[in-house]
Amino acid sequence: MQSYPNHWEADVVLTDGGTAHLRPITADDGDLLRAFHSRLSPETIYYRFFAPYPKLSARDVDRFTNVDYESRVALIATISDVMVAVVRYDKVAEDEAEVAFVVEDGHQGRGLASVLLEHIAAAATERGVSRFIADVLPENRRMINVFREAGYTAQQSFDEGVIRLTLDLEPTHDAEEVMRAREQRAESRSIARLLFPASVAVIGASRTAHTIGQSVLRNLLDGDFKGPVYPVHPTAKAVAGVRAYTGILDVPDTVDLAVVAVRADMVVDVVEECAQKGVHGLVVVSSGFGEAGPEGRERQDELVRTARAAGMRVIGPNCLGIANTDPEISLNATLAPYVPPRGPIGFFSQSGALGRAILQSVAGRGMGLSTFVSAGNRADVSGNDLVQYWQEDPATKVVLQYLESLGNPRKFTRLARRLAKQKPVVAVRSGGSSQGVPSGHAAGALSLPDYAVTSLFEQAGVVRVEDITQMFDVAQLFAYQPLPSGPRVGIVGNSDSLGLLVKDASVRQGLRPREPVALGPNATAEDFDEALTAVLADDSVDALVVVFIPALTPISDDVAEVMRAKAAAADKPIVTTYLGYQGLPAELRQIGEGGETAAGSVPSYPAPEDAVRALAYATRYSLWRNRESGRHPELADIDGARARSIVDRALGKRDEEQRAEDRTIWFTSEPVQNEESAADRETAYELLSCYGIDAVPYVPVSTEQEAVRAAEELGYPVVVKANAPDLRLRAGGTGIRADLRSATDVSGAFTALDDRLGADADLVVQPMVVPGVPTVVRAGENPSFGSVVGFGLADVTAELLDDRAFRLAPLTDTDAADLVHAVRAAPLLFGLPAGATSLAEQPDVEALQETLVRVSRLVDAFPEVAHIELDPVIVNSAGAHVLGARVWLREPPDRRMDSGPRRLRNITF
């Protein structure tokens, strides 16, 4: 019997936050199907079969469970290995299939039908089906709404009492938006179930002091959790003064959240008991899993697999825990004895070891948290899930993330962009500044320097800071001050020296400071009041830095009160530096209603440079948030179907299980001497041409006569140049002879280069391009960010100075323009080239930007394209001319997590 593709199996989140497992039906599922059908109500059966159908015959079961996974496909959803829904299609024409689904009555309204429809549509598309038809009874409004709300193009007809719906499976923007909105709601709800439990059990609660189990239990109790807490201990009658139970199944009441603190080898058994109990979610603080090697990784996979199959999400393992400061919950299910008070900051940390120190730092600065999650190994719940939750959480105004890696980079950047348009996202990313192998390596991913990582975060709207201290510096401003509307900074203080320090720091950070207003060392509260009023009313000021240094007397409470009052009423941010004082003056962090830090609190920093740096981060974010994100230009001459054919032909269309994951094929523009390699070069050029990137042709030559013949075929003027990888030559290089206008010129140029460079020179003849500015375009897959486009000038100086810029693909027109302007040598592209006499000879930068957009579209559409290098791209008044190109192809990485139907991450990360 034909098998089905492995990727047709998936774990999914339902609209109520629970999970289910989706997989194709098999011939062994007869008993599951019979039991499922027996639980359906007569009404549900009637809606599905249009007639009473109380029992499935043996023939029915055989027909429904035996499918060929080609013209007949069925997917089922299971929870705790019980079948709860099924969807199927049967081809009725080459590109058309009839689709139907049924969901068990007790699980209707949980989003199973919608997610099943997404997955069956993806499977059908893979099998060449482009259209679904569905016959539905008019009174079956729920099924009709599922089809209508799916976002597909729908046509409706009515015949003999049955409504026929026709659904075009061609992806549309509306369909994608509907799918993303459902994903967001479901994942948000799944996190809410963890953060808002009505009851908590601590499994592994210990009577021994300072153990993990006892620490979690005591922190829950000391944190005044509003629901019941159930210690689970194999022998004790009570732990920490609370009645204990020998197992989770012995707890007489419902348990929403279980905190697991037992040995790693016992965890899976505990999870199975939690599944029987109907627990909604797990926080596994135990260690000994993925961080402990292959055996631990297998144990971790089994843990998540067991939990998801039972509808549970997992935080951890090897984590610090979770906290929710909502006074209606007061949940401290962490190993930290103290959680900061209520506040507007949501915090996600991968590191459990740093989590406790992070919580202490937050509290020490007088800031408050809405929620805190330490995900540890991120076996299930990740930062992306929290981003989905915080987007809708009204209690969270700022999101902080300590990241060691990005499990799904494409999804992270998509979600971060969406969230950052509403709320600031501040991230510390550790774990190295560059990932991947060098860009010239055929099998490697595009590697990134540290500055590129920062620019890619900024492009996605994420404020990337260097360390935890800077994170809190910026969070103070975001949480309690308005965003600056521009880079113009007013400065007020009682010290000339401090004012000048602020001014200099502002210039270094790219801000535009005004002349400091110096009030003198004896300035009073009234002096500050008058000065602040004037500066805040100045339309040429977007933000204000106030500096104060004590003279002989302590800081006046009146000055602090003036600051607080002005900040509460201002629509411009105010930051302060109180040099000589430790911490934040109490007057500037008043506690308001509900324990939250009052709006208008003024962030105070120990040094002027710290205050200005935080303000600069906020300014750049504000400008990003308010700018137009650009558009994706219409490129009518893209031939995606031909490109797909070229890629499939090049890699060899084989069965998925037979493909070697490490196989890499590269096609280069380098001259070659055999017929097979020459075809590879032609394939590379053909692939690029599918996206409107037409490289200037050239002819490899090995003799004088061949060079002259090639020049005559191409047409004069021509160049003769070396094209070996280690002799990558640009305009003005010593390995090129340009502007050759006769056979004599070509013959002499070939002889000179051949004599100097030797047999390995790999000489080629190419049509002459009018000199311009030589540039380099690189693009490919980076393991941390997905598809990335890099740009720089093609000269030795630019390479030595690493003068390159990077952006995420696909590029908008604004992204492409930013990319060109981001390199330090960009002015060379916007002035007249040497020898030019008029603006008509200015480089055509728009043509260069279009080339960047096209390259980005190619690498985004084809994950098989591991790396592209266009070197050089000569930009002159006539356009952007690709003189050299190399393309590497490989077996594609799995992008189904972000480009296909909704699914949770693969269990092994």
# chains A, B, ... in the order shown; residues from 1 in each chain; ligands from 1

$ select_by_dssp --residues "range 754-889 of chain A" --states "strand (DSSP E or B)" --output "MDAnalysis selection string"
chainID A and resid 763:767 773:782 786:793 804:808 865:876 879:882 885:889

$ residues_around --residues "range 693-705 of chain A" --least-positions-apart "6" --cutoff "6 Å" --atoms "only C-alpha atoms" --output "VMD selection string"
chain A and resid 671 747 763 to 766 882 to 883

$ write_last_selection --atoms "all heavy atoms" --output "PDB file, in the first residue's frame"
ATOM      1  N   PRO A 671      33.953  29.901 -15.717  1.00  0.00           N
ATOM      2  CA  PRO A 671      34.182  29.157 -16.951  1.00  0.00           C
ATOM      3  C   PRO A 671      34.584  27.725 -16.650  1.00  0.00           C
ATOM      4  O   PRO A 671      35.256  27.442 -15.675  1.00  0.00           O
ATOM      5  CB  PRO A 671      35.324  29.918 -17.613  1.00  0.00           C
ATOM      6  CG  PRO A 671      36.011  30.601 -16.487  1.00  0.00           C
ATOM      7  CD  PRO A 671      34.951  30.929 -15.496  1.00  0.00           C
ATOM      8  N   SER A 747      43.318  39.535 -29.178  1.00  0.00           N
ATOM      9  CA  SER A 747      44.424  38.591 -29.201  1.00  0.00           C
ATOM     10  C   SER A 747      45.521  38.999 -28.226  1.00  0.00           C
ATOM     11  O   SER A 747      46.043  38.185 -27.458  1.00  0.00           O
ATOM     12  CB  SER A 747      44.988  38.487 -30.617  1.00  0.00           C
ATOM     13  OG  SER A 747      46.073  37.582 -30.663  1.00  0.00           O
ATOM     14  N   LEU A 763      39.870  32.164 -18.433  1.00  0.00           N
ATOM     15  CA  LEU A 763      39.584  33.404 -19.152  1.00  0.00           C
ATOM     16  C   LEU A 763      38.249  33.322 -19.879  1.00  0.00           C
ATOM     17  O   LEU A 763      37.853  32.261 -20.378  1.00  0.00           O
ATOM     18  CB  LEU A 763      40.703  33.703 -20.138  1.00  0.00           C
ATOM     19  CG  LEU A 763      42.091  33.941 -19.523  1.00  0.00           C
ATOM     20  CD1 LEU A 763      43.105  34.243 -20.604  1.00  0.00           C
ATOM     21  CD2 LEU A 763      42.047  35.051 -18.494  1.00  0.00           C
ATOM     22  N   VAL A 764      37.571  34.462 -19.954  1.00  0.00           N
ATOM     23  CA  VAL A 764      36.298  34.553 -20.659  1.00  0.00           C
ATOM     24  C   VAL A 764      36.282  35.847 -21.456  1.00  0.00           C
ATOM     25  O   VAL A 764      36.997  36.809 -21.163  1.00  0.00           O
ATOM     26  CB  VAL A 764      35.098  34.543 -19.686  1.00  0.00           C
ATOM     27  CG1 VAL A 764      35.069  33.271 -18.864  1.00  0.00           C
ATOM     28  CG2 VAL A 764      35.099  35.761 -18.797  1.00  0.00           C
ATOM     29  N   VAL A 765      35.423  35.855 -22.475  1.00  0.00           N
ATOM     30  CA  VAL A 765      35.167  37.057 -23.260  1.00  0.00           C
ATOM     31  C   VAL A 765      33.729  37.483 -23.008  1.00  0.00           C
ATOM     32  O   VAL A 765      32.815  36.650 -23.038  1.00  0.00           O
ATOM     33  CB  VAL A 765      35.399  36.803 -24.762  1.00  0.00           C
ATOM     34  CG1 VAL A 765      35.072  38.058 -25.578  1.00  0.00           C
ATOM     35  CG2 VAL A 765      36.835  36.370 -25.015  1.00  0.00           C
ATOM     36  N   GLN A 766      33.531  38.777 -22.759  1.00  0.00           N
ATOM     37  CA  GLN A 766      32.214  39.280 -22.380  1.00  0.00           C
ATOM     38  C   GLN A 766      31.984  40.639 -23.032  1.00  0.00           C
ATOM     39  O   GLN A 766      32.941  41.416 -23.204  1.00  0.00           O
ATOM     40  CB  GLN A 766      32.143  39.422 -20.851  1.00  0.00           C
ATOM     41  CG  GLN A 766      30.761  39.685 -20.295  1.00  0.00           C
ATOM     42  CD  GLN A 766      30.745  39.598 -18.773  1.00  0.00           C
ATOM     43  OE1 GLN A 766      31.666  40.058 -18.104  1.00  0.00           O
ATOM     44  NE2 GLN A 766      29.706  38.976 -18.228  1.00  0.00           N
ATOM     45  N   VAL A 882      24.487  42.744 -14.430  1.00  0.00           N
ATOM     46  CA  VAL A 882      25.086  41.616 -13.713  1.00  0.00           C
ATOM     47  C   VAL A 882      26.155  41.010 -14.612  1.00  0.00           C
ATOM     48  O   VAL A 882      25.855  40.405 -15.643  1.00  0.00           O
ATOM     49  CB  VAL A 882      24.019  40.570 -13.348  1.00  0.00           C
ATOM     50  CG1 VAL A 882      24.666  39.390 -12.627  1.00  0.00           C
ATOM     51  CG2 VAL A 882      22.932  41.193 -12.485  1.00  0.00           C
ATOM     52  N   LEU A 883      27.412  41.143 -14.209  1.00  0.00           N
ATOM     53  CA  LEU A 883      28.509  40.616 -15.005  1.00  0.00           C
ATOM     54  C   LEU A 883      28.981  39.253 -14.539  1.00  0.00           C
ATOM     55  O   LEU A 883      29.681  38.556 -15.274  1.00  0.00           O
ATOM     56  CB  LEU A 883      29.693  41.598 -14.970  1.00  0.00           C
ATOM     57  CG  LEU A 883      29.423  43.006 -15.505  1.00  0.00           C
ATOM     58  CD1 LEU A 883      30.721  43.798 -15.571  1.00  0.00           C
ATOM     59  CD2 LEU A 883      28.777  42.955 -16.882  1.00  0.00           C
TER      60      LEU A 883
END

$ closest_residue --among "A:Thr166, A:Thr78, A:Ser206, A:Ser370" --to "Asp29 in chain A" --atoms "only C-alpha atoms"
A:Thr78

$ closest_residue --among "A:Ser506, A:Thr533, A:Ser601, A:Ser495" --to "Phe548 in chain A" --atoms "only C-alpha atoms"
A:Ser495

$ residues_around --residues "range 184-193 of chain A" --least-positions-apart "2" --cutoff "8 Å" --atoms "only C-alpha atoms" --output "list in words"
Val13, Leu14, Thr15, Asp16, Gly17, Gly18, Arg180, Ala181, Arg182, Leu195, Phe196, Pro197, Asp256, His280, Gly281, Arg313, Asp385, Leu386, Gln388, Tyr389, Trp390 and Glu392 of chain A

$ write_last_selection --atoms "N, CA and C atoms" --output "PDB file, in the first residue's frame"
ATOM      1  N   VAL A  13      -2.969  23.590  17.420  1.00  0.00           N
ATOM      2  CA  VAL A  13      -3.630  24.230  18.547  1.00  0.00           C
ATOM      3  C   VAL A  13      -5.050  24.577  18.136  1.00  0.00           C
ATOM      4  N   LEU A  14      -6.001  24.270  18.995  1.00  0.00           N
ATOM      5  CA  LEU A  14      -7.407  24.531  18.718  1.00  0.00           C
ATOM      6  C   LEU A  14      -7.816  25.887  19.287  1.00  0.00           C
ATOM      7  N   THR A  15      -8.995  26.342  18.937  1.00  0.00           N
ATOM      8  CA  THR A  15      -9.402  27.697  19.304  1.00  0.00           C
ATOM      9  C   THR A  15      -9.538  27.902  20.801  1.00  0.00           C
ATOM     10  N   ASP A  16      -9.751  26.831  21.564  1.00  0.00           N
ATOM     11  CA  ASP A  16      -9.860  26.979  23.018  1.00  0.00           C
ATOM     12  C   ASP A  16      -8.520  26.809  23.717  1.00  0.00           C
ATOM     13  N   GLY A  17      -7.433  26.652  22.929  1.00  0.00           N
ATOM     14  CA  GLY A  17      -6.111  26.522  23.502  1.00  0.00           C
ATOM     15  C   GLY A  17      -5.631  25.102  23.679  1.00  0.00           C
ATOM     16  N   GLY A  18      -6.503  24.126  23.498  1.00  0.00           N
ATOM     17  CA  GLY A  18      -6.078  22.737  23.569  1.00  0.00           C
ATOM     18  C   GLY A  18      -5.353  22.325  22.304  1.00  0.00           C
ATOM     19  N   ARG A 180      -3.896  33.153   9.480  1.00  0.00           N
ATOM     20  CA  ARG A 180      -3.022  33.760  10.485  1.00  0.00           C
ATOM     21  C   ARG A 180      -3.826  34.264  11.690  1.00  0.00           C
ATOM     22  N   ALA A 181      -5.011  34.808  11.424  1.00  0.00           N
ATOM     23  CA  ALA A 181      -5.842  35.295  12.527  1.00  0.00           C
ATOM     24  C   ALA A 181      -6.285  34.130  13.413  1.00  0.00           C
ATOM     25  N   ARG A 182      -6.641  33.010  12.801  1.00  0.00           N
ATOM     26  CA  ARG A 182      -7.032  31.837  13.589  1.00  0.00           C
ATOM     27  C   ARG A 182      -5.844  31.313  14.395  1.00  0.00           C
ATOM     28  N   LEU A 195      -1.444  30.662  31.898  1.00  0.00           N
ATOM     29  CA  LEU A 195      -1.194  31.804  32.774  1.00  0.00           C
ATOM     30  C   LEU A 195      -2.363  32.127  33.693  1.00  0.00           C
ATOM     31  N   PHE A 196      -3.537  31.599  33.398  1.00  0.00           N
ATOM     32  CA  PHE A 196      -4.716  31.884  34.218  1.00  0.00           C
ATOM     33  C   PHE A 196      -5.360  30.590  34.723  1.00  0.00           C
ATOM     34  N   PRO A 197      -4.614  29.762  35.444  1.00  0.00           N
ATOM     35  CA  PRO A 197      -5.217  28.523  35.945  1.00  0.00           C
ATOM     36  C   PRO A 197      -6.119  28.795  37.138  1.00  0.00           C
ATOM     37  N   ASP A 256      -6.080  22.542  36.701  1.00  0.00           N
ATOM     38  CA  ASP A 256      -5.816  23.218  35.425  1.00  0.00           C
ATOM     39  C   ASP A 256      -4.349  23.150  35.030  1.00  0.00           C
ATOM     40  N   HIS A 280      -4.872  20.917  31.894  1.00  0.00           N
ATOM     41  CA  HIS A 280      -4.781  21.738  30.683  1.00  0.00           C
ATOM     42  C   HIS A 280      -3.344  22.029  30.239  1.00  0.00           C
ATOM     43  N   GLY A 281      -2.430  22.185  31.206  1.00  0.00           N
ATOM     44  CA  GLY A 281      -1.082  22.571  30.840  1.00  0.00           C
ATOM     45  C   GLY A 281      -0.064  22.128  31.862  1.00  0.00           C
ATOM     46  N   ARG A 313      -0.392  21.844  26.531  1.00  0.00           N
ATOM     47  CA  ARG A 313       0.830  22.548  26.165  1.00  0.00           C
ATOM     48  C   ARG A 313       1.848  22.402  27.296  1.00  0.00           C
ATOM     49  N   ASP A 385       4.985  31.821  20.676  1.00  0.00           N
ATOM     50  CA  ASP A 385       3.670  31.650  21.305  1.00  0.00           C
ATOM     51  C   ASP A 385       3.350  32.827  22.220  1.00  0.00           C
ATOM     52  N   LEU A 386       4.360  33.284  22.963  1.00  0.00           N
ATOM     53  CA  LEU A 386       4.133  34.406  23.875  1.00  0.00           C
ATOM     54  C   LEU A 386       3.870  35.690  23.100  1.00  0.00           C
ATOM     55  N   GLN A 388       2.288  35.899  20.324  1.00  0.00           N
ATOM     56  CA  GLN A 388       0.876  35.816  19.943  1.00  0.00           C
ATOM     57  C   GLN A 388      -0.028  36.222  21.114  1.00  0.00           C
ATOM     58  N   TYR A 389       0.338  35.788  22.313  1.00  0.00           N
ATOM     59  CA  TYR A 389      -0.483  36.114  23.487  1.00  0.00           C
ATOM     60  C   TYR A 389      -0.395  37.595  23.826  1.00  0.00           C
ATOM     61  N   TRP A 390       0.805  38.143  23.883  1.00  0.00           N
ATOM     62  CA  TRP A 390       0.979  39.528  24.320  1.00  0.00           C
ATOM     63  C   TRP A 390       0.386  40.525  23.334  1.00  0.00           C
ATOM     64  N   GLU A 392      -2.518  40.496  22.144  1.00  0.00           N
ATOM     65  CA  GLU A 392      -3.894  40.761  22.539  1.00  0.00           C
ATOM     66  C   GLU A 392      -4.042  41.115  24.010  1.00  0.00           C
TER      67      GLU A 392
END

$ atom_distance --atom1 "CA of Arg308 in chain A" --atom2 "CA of Ala275 in chain A"
9.4 Å

$ closest_residue --among "A:Ile203, A:Val719, A:Val270, A:Ile468" --to "Ile358 in chain A" --atoms "only C-alpha atoms"
A:Ile468

$ residues_around --residues "Ser361 in chain A" --least-positions-apart "2" --cutoff "12 Å" --atoms "only C-alpha atoms" --output "short mmCIF file (atom, residue, chain, number, x, y, z; two decimals) with all heavy atoms, in the first residue's frame"
data_model
loop_
_atom_site.label_atom_id
_atom_site.label_comp_id
_atom_site.auth_asym_id
_atom_site.auth_seq_id
_atom_site.Cartn_x
_atom_site.Cartn_y
_atom_site.Cartn_z
N TYR A 338 10.59 35.81 44.80
CA TYR A 338 9.92 37.11 44.71
C TYR A 338 9.69 37.47 43.26
O TYR A 338 10.59 37.36 42.42
CB TYR A 338 10.77 38.19 45.38
CG TYR A 338 10.17 39.57 45.25
CD1 TYR A 338 9.03 39.92 45.97
CD2 TYR A 338 10.73 40.51 44.40
CE1 TYR A 338 8.47 41.18 45.85
CE2 TYR A 338 10.18 41.78 44.27
CZ TYR A 338 9.04 42.11 45.00
OH TYR A 338 8.49 43.35 44.86
N VAL A 339 8.47 37.89 42.95
CA VAL A 339 8.11 38.36 41.63
C VAL A 339 7.78 39.84 41.71
O VAL A 339 7.10 40.26 42.67
CB VAL A 339 6.90 37.56 41.07
CG1 VAL A 339 6.37 38.18 39.79
CG2 VAL A 339 7.32 36.11 40.82
N PRO A 340 8.24 40.66 40.79
CA PRO A 340 7.94 42.10 40.84
C PRO A 340 6.44 42.36 40.87
O PRO A 340 5.63 41.50 40.49
CB PRO A 340 8.57 42.63 39.54
CG PRO A 340 9.63 41.65 39.21
CD PRO A 340 9.11 40.32 39.66
N LEU A 354 19.25 32.57 34.29
CA LEU A 354 19.22 34.02 34.40
C LEU A 354 17.89 34.55 34.91
O LEU A 354 17.79 35.72 35.29
CB LEU A 354 19.53 34.66 33.04
CG LEU A 354 20.98 34.64 32.59
CD1 LEU A 354 21.08 35.24 31.20
CD2 LEU A 354 21.86 35.40 33.56
N GLY A 355 16.86 33.71 34.87
CA GLY A 355 15.53 34.20 35.18
C GLY A 355 15.40 34.83 36.55
O GLY A 355 14.79 35.89 36.70
N ARG A 356 16.00 34.19 37.55
CA ARG A 356 15.89 34.72 38.91
C ARG A 356 16.56 36.08 39.01
O ARG A 356 16.01 37.01 39.62
CB ARG A 356 16.50 33.72 39.89
CG ARG A 356 16.36 34.12 41.34
CD ARG A 356 16.67 32.94 42.23
NE ARG A 356 16.60 33.31 43.64
CZ ARG A 356 16.57 32.42 44.63
NH1 ARG A 356 16.56 31.13 44.35
NH2 ARG A 356 16.53 32.82 45.88
N ALA A 357 17.75 36.21 38.42
CA ALA A 357 18.45 37.50 38.45
C ALA A 357 17.67 38.56 37.69
O ALA A 357 17.63 39.73 38.08
CB ALA A 357 19.85 37.33 37.86
N ILE A 358 17.03 38.16 36.62
CA ILE A 358 16.24 39.10 35.82
C ILE A 358 15.07 39.64 36.65
O ILE A 358 14.80 40.84 36.66
CB ILE A 358 15.74 38.41 34.54
CG1 ILE A 358 16.90 38.21 33.56
CG2 ILE A 358 14.61 39.20 33.88
CD1 ILE A 358 16.55 37.34 32.38
N LEU A 359 14.39 38.75 37.36
CA LEU A 359 13.26 39.20 38.17
C LEU A 359 13.71 40.15 39.27
O LEU A 359 13.03 41.14 39.58
CB LEU A 359 12.55 37.98 38.77
CG LEU A 359 11.80 37.08 37.78
CD1 LEU A 359 11.25 35.86 38.48
CD2 LEU A 359 10.69 37.84 37.08
N ALA A 363 12.55 44.23 39.73
CA ALA A 363 12.03 44.77 40.98
C ALA A 363 12.91 45.90 41.49
O ALA A 363 12.43 46.92 42.00
CB ALA A 363 11.93 43.66 42.02
N GLY A 364 14.25 45.74 41.35
CA GLY A 364 15.16 46.76 41.84
C GLY A 364 15.04 48.08 41.12
O GLY A 364 15.40 49.13 41.67
N ARG A 365 14.52 48.08 39.93
CA ARG A 365 14.36 49.31 39.18
C ARG A 365 12.98 49.94 39.38
O ARG A 365 12.66 50.94 38.75
CB ARG A 365 14.58 49.04 37.69
CG ARG A 365 16.04 48.78 37.34
CD ARG A 365 16.19 48.66 35.86
NE ARG A 365 17.59 48.50 35.49
CZ ARG A 365 18.25 49.33 34.69
NH1 ARG A 365 17.64 50.40 34.21
NH2 ARG A 365 19.50 49.11 34.36
N GLY A 366 12.18 49.33 40.19
CA GLY A 366 10.85 49.89 40.43
C GLY A 366 9.89 49.64 39.30
O GLY A 366 8.87 50.34 39.18
N MET A 367 10.17 48.67 38.47
CA MET A 367 9.27 48.35 37.36
C MET A 367 8.38 47.18 37.75
O MET A 367 8.67 46.43 38.68
CB MET A 367 10.07 48.00 36.10
CG MET A 367 10.89 49.16 35.55
SD MET A 367 11.64 48.78 33.94
CE MET A 367 12.76 47.48 34.36
N GLY A 368 7.31 47.01 37.00
CA GLY A 368 6.38 45.92 37.26
C GLY A 368 6.18 45.06 36.03
O GLY A 368 6.38 45.51 34.90
N LEU A 369 5.78 43.82 36.26
CA LEU A 369 5.53 42.85 35.19
C LEU A 369 4.04 42.52 35.10
O LEU A 369 3.35 42.51 36.11
CB LEU A 369 6.31 41.56 35.42
CG LEU A 369 7.83 41.62 35.37
CD1 LEU A 369 8.40 40.23 35.61
CD2 LEU A 369 8.33 42.17 34.05
N ILE A 468 21.42 42.78 29.37
CA ILE A 468 20.25 42.90 30.23
C ILE A 468 20.10 44.31 30.78
O ILE A 468 18.99 44.85 30.88
CB ILE A 468 20.34 41.88 31.40
CG1 ILE A 468 20.30 40.45 30.86
CG2 ILE A 468 19.20 42.10 32.38
CD1 ILE A 468 19.01 40.05 30.22
N THR A 469 21.21 44.94 31.13
CA THR A 469 21.15 46.31 31.67
C THR A 469 20.50 47.26 30.67
O THR A 469 19.62 48.05 31.01
CB THR A 469 22.55 46.80 32.04
OG1 THR A 469 23.10 45.95 33.05
CG2 THR A 469 22.51 48.22 32.57
N GLN A 470 20.96 47.19 29.42
CA GLN A 470 20.37 48.05 28.39
C GLN A 470 18.90 47.71 28.17
O GLN A 470 18.08 48.59 27.90
CB GLN A 470 21.15 47.92 27.09
CG GLN A 470 22.52 48.54 27.11
CD GLN A 470 23.19 48.52 25.75
OE1 GLN A 470 22.54 48.33 24.72
NE2 GLN A 470 24.50 48.70 25.74
N MET A 471 18.56 46.43 28.29
CA MET A 471 17.16 46.04 28.11
C MET A 471 16.26 46.77 29.10
O MET A 471 15.22 47.33 28.74
CB MET A 471 17.00 44.53 28.27
CG MET A 471 15.55 44.07 28.33
SD MET A 471 15.39 42.28 28.54
CE MET A 471 15.66 41.74 26.86
N PHE A 472 16.68 46.79 30.36
CA PHE A 472 15.86 47.46 31.37
C PHE A 472 15.92 48.98 31.24
O PHE A 472 14.94 49.66 31.55
CB PHE A 472 16.29 47.01 32.76
CG PHE A 472 16.02 45.56 33.03
CD1 PHE A 472 16.97 44.75 33.62
CD2 PHE A 472 14.81 44.99 32.67
CE1 PHE A 472 16.72 43.41 33.86
CE2 PHE A 472 14.54 43.65 32.90
CZ PHE A 472 15.50 42.86 33.49
N ASP A 473 17.06 49.50 30.77
CA ASP A 473 17.13 50.94 30.50
C ASP A 473 16.06 51.35 29.50
O ASP A 473 15.36 52.35 29.68
CB ASP A 473 18.51 51.31 29.94
CG ASP A 473 19.60 51.33 31.01
OD1 ASP A 473 19.26 51.28 32.20
OD2 ASP A 473 20.79 51.40 30.63
N ALA A 475 13.38 49.50 28.62
CA ALA A 475 12.04 49.13 29.09
C ALA A 475 11.46 50.20 30.00
O ALA A 475 10.26 50.48 29.96
CB ALA A 475 12.10 47.79 29.82
N GLN A 476 12.29 50.81 30.84
CA GLN A 476 11.80 51.88 31.72
C GLN A 476 11.14 52.99 30.91
O GLN A 476 10.10 53.53 31.29
CB GLN A 476 12.97 52.46 32.52
CG GLN A 476 13.39 51.66 33.71
CD GLN A 476 14.52 52.34 34.46
OE1 GLN A 476 15.68 52.05 34.22
NE2 GLN A 476 14.18 53.26 35.34
N GLY A 583 20.23 54.59 42.43
CA GLY A 583 18.85 54.16 42.20
C GLY A 583 17.94 55.30 41.80
O GLY A 583 18.35 56.43 41.57
#

$ select_by_dssp --residues "range 210-420 of chain A" --states "helix (DSSP H, G or I)" --output "number ranges by chain"
A: 212-222, 248-250, 264-277, 290-292, 294-309, 352-364, 383-392, 409-420

$ residues_around --residues "Ala353 in chain A" --least-positions-apart "2" --cutoff "12 Å" --atoms "only C-alpha atoms" --output "PyMOL selection string"
chain A and resi 285+287+318-321+334-336+349-351+355-359+374-377+402

$ closest_residue --among "A:Arg854, A:Arg620, A:Arg778, A:Arg886" --to "Asp637 in chain A" --atoms "only C-alpha atoms"
A:Arg854

$ closest_residue --among "A:Asp159, A:Ala58, A:Ile133, A:Gly106" --to "Asp90 in chain A" --atoms "only C-alpha atoms"
A:Ile133

$ closest_residue --among "A:Pro633, A:Gly343, A:Pro863, A:Gly640" --to "Leu811 in chain A" --atoms "only C-alpha atoms"
A:Pro633

$ closest_atom_pairs --of "range 256-314 of chain A" --to "range 223-232 of chain A" --cutoff "10 Å" --atoms "only C-alpha atoms" --output "Markdown table"
| residue | atom | partner | partner_atom | distance |
| --- | --- | --- | --- | --- |
| A:Leu257 | CA | A:Val229 | CA | 9.8 |
| A:Ala258 | CA | A:Tyr230 | CA | 9.2 |
| A:Val259 | CA | A:Pro231 | CA | 9.7 |
| A:Val260 | CA | A:Val232 | CA | 9.6 |

$ write_last_selection --atoms "C-alpha atoms" --output "JSON list (two decimals), in the first residue's frame"
[["chain", "number", "residue", "atom", "x", "y", "z"],
["A", 257, "LEU", "CA", -2.02, 23.48, 35.70],
["A", 258, "ALA", "CA", 0.54, 20.96, 36.89],
["A", 259, "VAL", "CA", 4.06, 21.98, 37.89],
["A", 260, "VAL", "CA", 6.27, 18.92, 37.47]]

$ residues_around --residues "range 645-650 of chain A" --least-positions-apart "4" --cutoff "9 Å" --atoms "only C-alpha atoms" --output "ChimeraX atom specification"
/A:640-641,665,680,683,686-687,862,864-865,889

$ residues_around --residues "Leu116 in chain A" --least-positions-apart "6" --cutoff "10 Å" --atoms "only C-alpha atoms" --output "PyMOL selection string"
chain A and resi 12+22-23+74-77+85-88+101-103+122+901-902

$ atom_distance --atom1 "CA of Ala236 in chain A" --atom2 "CA of Ser215 in chain A"
16.4 Å

$ atom_distance --atom1 "CA of Ile163 in chain A" --atom2 "CA of Val136 in chain A"
5.2 Å

$ decode --residues "range 282-290 of chain A" --atoms "C-alpha atoms" --output "tab-separated table (two decimals), in the first residue's frame"
chain	number	residue	atom	x	y	z
A	282	LEU	CA	2.30	21.61	32.27
A	283	VAL	CA	5.28	23.54	33.63
A	284	VAL	CA	8.20	21.12	33.77
A	285	VAL	CA	11.02	22.50	35.93
A	286	SER	CA	12.87	19.18	36.01
A	287	SER	CA	16.19	18.97	34.16
A	288	GLY	CA	17.83	16.05	32.36
A	289	PHE	CA	16.20	16.45	28.96
A	290	GLY	CA	17.38	18.01	25.70
